[in-house]
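Comments concern the structure below.
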Amino acid sequence: MKEIPMIQRLIAAERRELAALLDELPPPAWSAPTLCAGWGVAEVVAHMTMPFRFSTGRFVRELARSGGRFNAMADRVARRDAAELSRDALIASLRDNADHPWRPPGGGAEGALSHDIIHGLDITTALQLDRRVPLERLEAIFAAMKPKQVKYFGADLAGIALRADDLDWAYGTGTPLAGAAQDLLLVLCNRRLPAGRLRGEPSSRFTVV
């Protein structure tokens with residue numbers, strides 16, 4: 001039997017754990033806002049599971065419908081699928097595809113893990129659920145992270161030194177901004193966090209007012 005690579009095991013565990021957490025959410029929380037601007041929980045889960053539900057041909061057709069603009073396509077499809085698919089169907093899609101080999105273009109396996117963890121945090125952080133992503137998964141993401149990937153999200157990190165409390169990880173130089181590694185990952189992704197999760201003079205720049 002072929003051995004499953006460690007990174008794929010991390011991906012599968014993340015998907016299964018998040019599916020179990022979503023299954024326990026009370027129904028009203030399914031429409032609660034997340035850190036993804038304009039998306040509730042349903043839209044985020046619809047987006048996360050899109051790669052499992054779409055063939056390459058369907059993805060290309062949807063992208064063409066949005067004039068080749070990926071962000072516009074992702075938003076349109078997430079809203080449509082969240083409205084058309086049931087809560088149970090979306091959760092099942094995440095859980096049943098824990099071992100799916102999808103990789104984002106140019107991102108590799110670490111990109112798939114990052115995609116799942118970031119969007120999972122978009123949900124759990126916004127809902128202020130006490131979920132801690134295992135540090136080995138965050139370590140894998142940070143180890144593979146490249147400057148162009150940080151630049152993609154557009155976070156203004158000039159003059160800021162990110163310092164994780166719970167992991168031997170730092171990024172950038174300047175005024176310290178400290179917090180849990182999973183919260184600093186969200187900072188890198190240009191998300192605004194609930195108050196009290198970051199420490200340091202620049203924290204207000206990355207906190208929901």
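Ordering of the structure tokens sets the chain letters (A, B, ...); residue numbers start at 1 within each chain; ligands are numbered from 1 in the order shown.
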Running DSSP on the backbone, which parts of region 1-206 of chain A land in alpha helix (DSSP H), as a PyMOL selection string?
chain A and resi 6-24+41-53+56-65+70-84+87-96+108-126+135-144+147-153+181-188
Which residue of A:Ile91, A:Gly172, A:Gln8, A:Ala72 approaches Gly159 (chain A) most closely, using only C-alpha atoms
A:Gly172
Given only C-alpha atoms as the counted atoms, nearest of A:Leu63, A:Ile4, A:Ile117, A:Ile160 to Gly174 (chain A)
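Going through A:Leu63, A:Ile4, A:Ile117, A:Ile160 one by one, the smallest distance to Gly174 (chain A) is for A:Ile160.
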Write out as a tab-separated table (two decimals) with C-alpha atoms, in the first residue's frame which residues come within 12 Å of region 98-101 of chain A when counting only C-alpha atoms, dropping same-chain ones fewer than 2 positions away.
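Output contents, as saved in out.tsv:
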```tsv
chain	number	residue	atom	x	y	z
A	4	ILE	CA	0.14	8.81	2.34
A	5	PRO	CA	2.43	11.87	2.48
A	6	MET	CA	2.40	13.73	5.79
A	7	ILE	CA	1.11	16.95	4.21
A	8	GLN	CA	-1.91	15.07	2.82
A	9	ARG	CA	-2.60	13.68	6.28
A	10	LEU	CA	-2.58	17.21	7.67
A	11	ILE	CA	-5.00	18.35	4.96
A	12	ALA	CA	-7.37	15.45	5.60
A	13	ALA	CA	-7.34	16.00	9.36
A	14	GLU	CA	-8.08	19.70	8.95
A	15	ARG	CA	-11.05	19.04	6.66
A	16	ARG	CA	-12.53	16.37	8.91
A	17	GLU	CA	-12.15	18.47	12.06
A	18	LEU	CA	-13.70	21.52	10.43
A	19	ALA	CA	-16.59	19.44	9.06
A	20	ALA	CA	-17.26	18.10	12.55
A	48	MET	CA	-13.98	25.75	0.11
A	49	THR	CA	-15.74	22.81	-1.49
A	50	MET	CA	-15.92	24.22	-5.01
A	51	PRO	CA	-12.73	22.38	-6.12
A	52	PHE	CA	-14.30	19.06	-5.07
A	53	ARG	CA	-17.57	19.68	-6.86
A	91	ILE	CA	-20.66	19.86	5.17
A	92	ALA	CA	-20.73	16.39	3.60
A	93	SER	CA	-18.77	17.69	0.62
A	94	LEU	CA	-16.02	18.91	2.95
A	95	ARG	CA	-16.00	15.76	5.07
A	96	ASP	CA	-16.26	13.25	2.21
A	103	ARG	CA	-4.03	21.65	-5.41
A	104	PRO	CA	-4.43	25.38	-6.09
A	108	GLY	CA	1.06	22.70	-4.18
A	109	ALA	CA	-0.07	20.66	-1.20
A	110	GLU	CA	0.87	23.42	1.24
A	111	GLY	CA	-1.36	25.76	-0.74
A	112	ALA	CA	-4.29	23.38	-0.31
A	113	LEU	CA	-3.63	23.17	3.44
A	116	ASP	CA	-8.49	25.13	4.14
```
If we count only C-alpha atoms, what is near Ala180 (chain A) at a cut-off of 9 Å, once residues fewer than 4 positions away on the same chain are taken out, given as a list in words?
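Close residues of Ala180 (chain A): Arg163, Ala164, Asp165, Asp166, Leu167, Leu184, Leu185, Arg197 and Leu198 of chain A.
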Requested write-out: N, CA, C and O atoms of the selected residues, as a PDB file, in the first residue's frame:
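Listed below is the output, part_20.pdb:
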```pdb
ATOM      1  N   ARG A 163       5.301  38.537  15.302  1.00  0.00           N
ATOM      2  CA  ARG A 163       5.981  37.621  16.215  1.00  0.00           C
ATOM      3  C   ARG A 163       4.935  36.699  16.851  1.00  0.00           C
ATOM      4  O   ARG A 163       4.049  37.158  17.582  1.00  0.00           O
ATOM      5  N   ALA A 164       5.035  35.399  16.593  1.00  0.00           N
ATOM      6  CA  ALA A 164       4.077  34.450  17.146  1.00  0.00           C
ATOM      7  C   ALA A 164       4.396  34.130  18.599  1.00  0.00           C
ATOM      8  O   ALA A 164       5.547  33.965  18.980  1.00  0.00           O
ATOM      9  N   ASP A 165       3.341  34.030  19.412  1.00  0.00           N
ATOM     10  CA  ASP A 165       3.483  33.677  20.830  1.00  0.00           C
ATOM     11  C   ASP A 165       3.722  32.188  21.029  1.00  0.00           C
ATOM     12  O   ASP A 165       4.391  31.777  21.976  1.00  0.00           O
ATOM     13  N   ASP A 166       3.125  31.377  20.169  1.00  0.00           N
ATOM     14  CA  ASP A 166       3.057  29.940  20.401  1.00  0.00           C
ATOM     15  C   ASP A 166       3.864  29.113  19.420  1.00  0.00           C
ATOM     16  O   ASP A 166       3.753  27.894  19.373  1.00  0.00           O
ATOM     17  N   LEU A 167       4.672  29.787  18.629  1.00  0.00           N
ATOM     18  CA  LEU A 167       5.434  29.114  17.590  1.00  0.00           C
ATOM     19  C   LEU A 167       6.710  29.912  17.352  1.00  0.00           C
ATOM     20  O   LEU A 167       6.702  31.146  17.463  1.00  0.00           O
ATOM     21  N   LEU A 184      -1.891  35.588  13.395  1.00  0.00           N
ATOM     22  CA  LEU A 184      -0.941  36.304  12.537  1.00  0.00           C
ATOM     23  C   LEU A 184      -1.044  35.823  11.094  1.00  0.00           C
ATOM     24  O   LEU A 184      -0.799  36.596  10.159  1.00  0.00           O
ATOM     25  N   LEU A 185      -1.412  34.568  10.897  1.00  0.00           N
ATOM     26  CA  LEU A 185      -1.668  34.092   9.538  1.00  0.00           C
ATOM     27  C   LEU A 185      -2.802  34.897   8.916  1.00  0.00           C
ATOM     28  O   LEU A 185      -2.739  35.280   7.746  1.00  0.00           O
ATOM     29  N   ARG A 197      -7.099  40.130  20.249  1.00  0.00           N
ATOM     30  CA  ARG A 197      -6.344  38.953  19.790  1.00  0.00           C
ATOM     31  C   ARG A 197      -4.907  39.299  19.418  1.00  0.00           C
ATOM     32  O   ARG A 197      -4.078  38.390  19.263  1.00  0.00           O
ATOM     33  N   LEU A 198      -4.614  40.570  19.246  1.00  0.00           N
ATOM     34  CA  LEU A 198      -3.272  41.008  18.859  1.00  0.00           C
ATOM     35  C   LEU A 198      -2.726  41.976  19.892  1.00  0.00           C
ATOM     36  O   LEU A 198      -3.488  42.681  20.553  1.00  0.00           O
TER      37      LEU A 198
END
```
Using only C-alpha atoms for the distances, tell me which of A:Asn190, A:Ala195, A:Phe59, A:Ser204 is nearest to Gly154 (chain A).
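Using only C-alpha atoms, Gly154 (chain A) sits closest to A:Asn190.
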Find, counting only C-alpha atoms, the residue in A:Leu22, A:Leu186, A:Ala29, A:Ala126 that gets nearest to Asp88 (chain A).
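Once distances to Asp88 (chain A) are computed over only C-alpha atoms, the minimum belongs to A:Leu22.
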Which of A:Phe54, A:Trp169, A:Phe153, A:Trp39 sits closest to Leu138 (chain A) [using only C-alpha atoms]
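Ranking A:Phe54, A:Trp169, A:Phe153, A:Trp39 by distance to Leu138 (chain A), first place goes to A:Trp169.
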Picked from region 1-203 of chain A by DSSP as strand (DSSP E), as a PDB file with C-alpha atoms, in the first residue's frame:
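Final output, part17.pdb:
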```
ATOM      1  CA  ILE A 160       5.774  45.699  11.155  1.00  0.00           C
ATOM      2  CA  ALA A 161       7.453  42.694  12.746  1.00  0.00           C
ATOM      3  CA  LEU A 162       5.021  39.817  13.255  1.00  0.00           C
ATOM      4  CA  ARG A 163       5.981  37.621  16.215  1.00  0.00           C
ATOM      5  CA  ALA A 164       4.077  34.450  17.146  1.00  0.00           C
ATOM      6  CA  ALA A 170       8.517  35.734  12.856  1.00  0.00           C
ATOM      7  CA  TYR A 171       7.991  37.782   9.715  1.00  0.00           C
ATOM      8  CA  THR A 175       7.319  47.625  15.279  1.00  0.00           C
ATOM      9  CA  PRO A 176       6.347  44.316  16.960  1.00  0.00           C
ATOM     10  CA  LEU A 177       2.877  42.884  16.471  1.00  0.00           C
ATOM     11  CA  ALA A 178       2.357  39.740  18.534  1.00  0.00           C
ATOM     12  CA  GLY A 179      -0.341  37.105  18.769  1.00  0.00           C
ATOM     13  CA  LEU A 198      -3.272  41.008  18.859  1.00  0.00           C
ATOM     14  CA  ARG A 199      -0.753  42.951  20.920  1.00  0.00           C
TER      15      ARG A 199
END
```
Which residue out of A:Ala83, A:Leu35, A:Leu157, A:Ala42 has the minimum interatomic distance to Thr125 (chain A) when only C-alpha atoms are used?
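Closest residue, counting only C-alpha atoms: A:Leu35.
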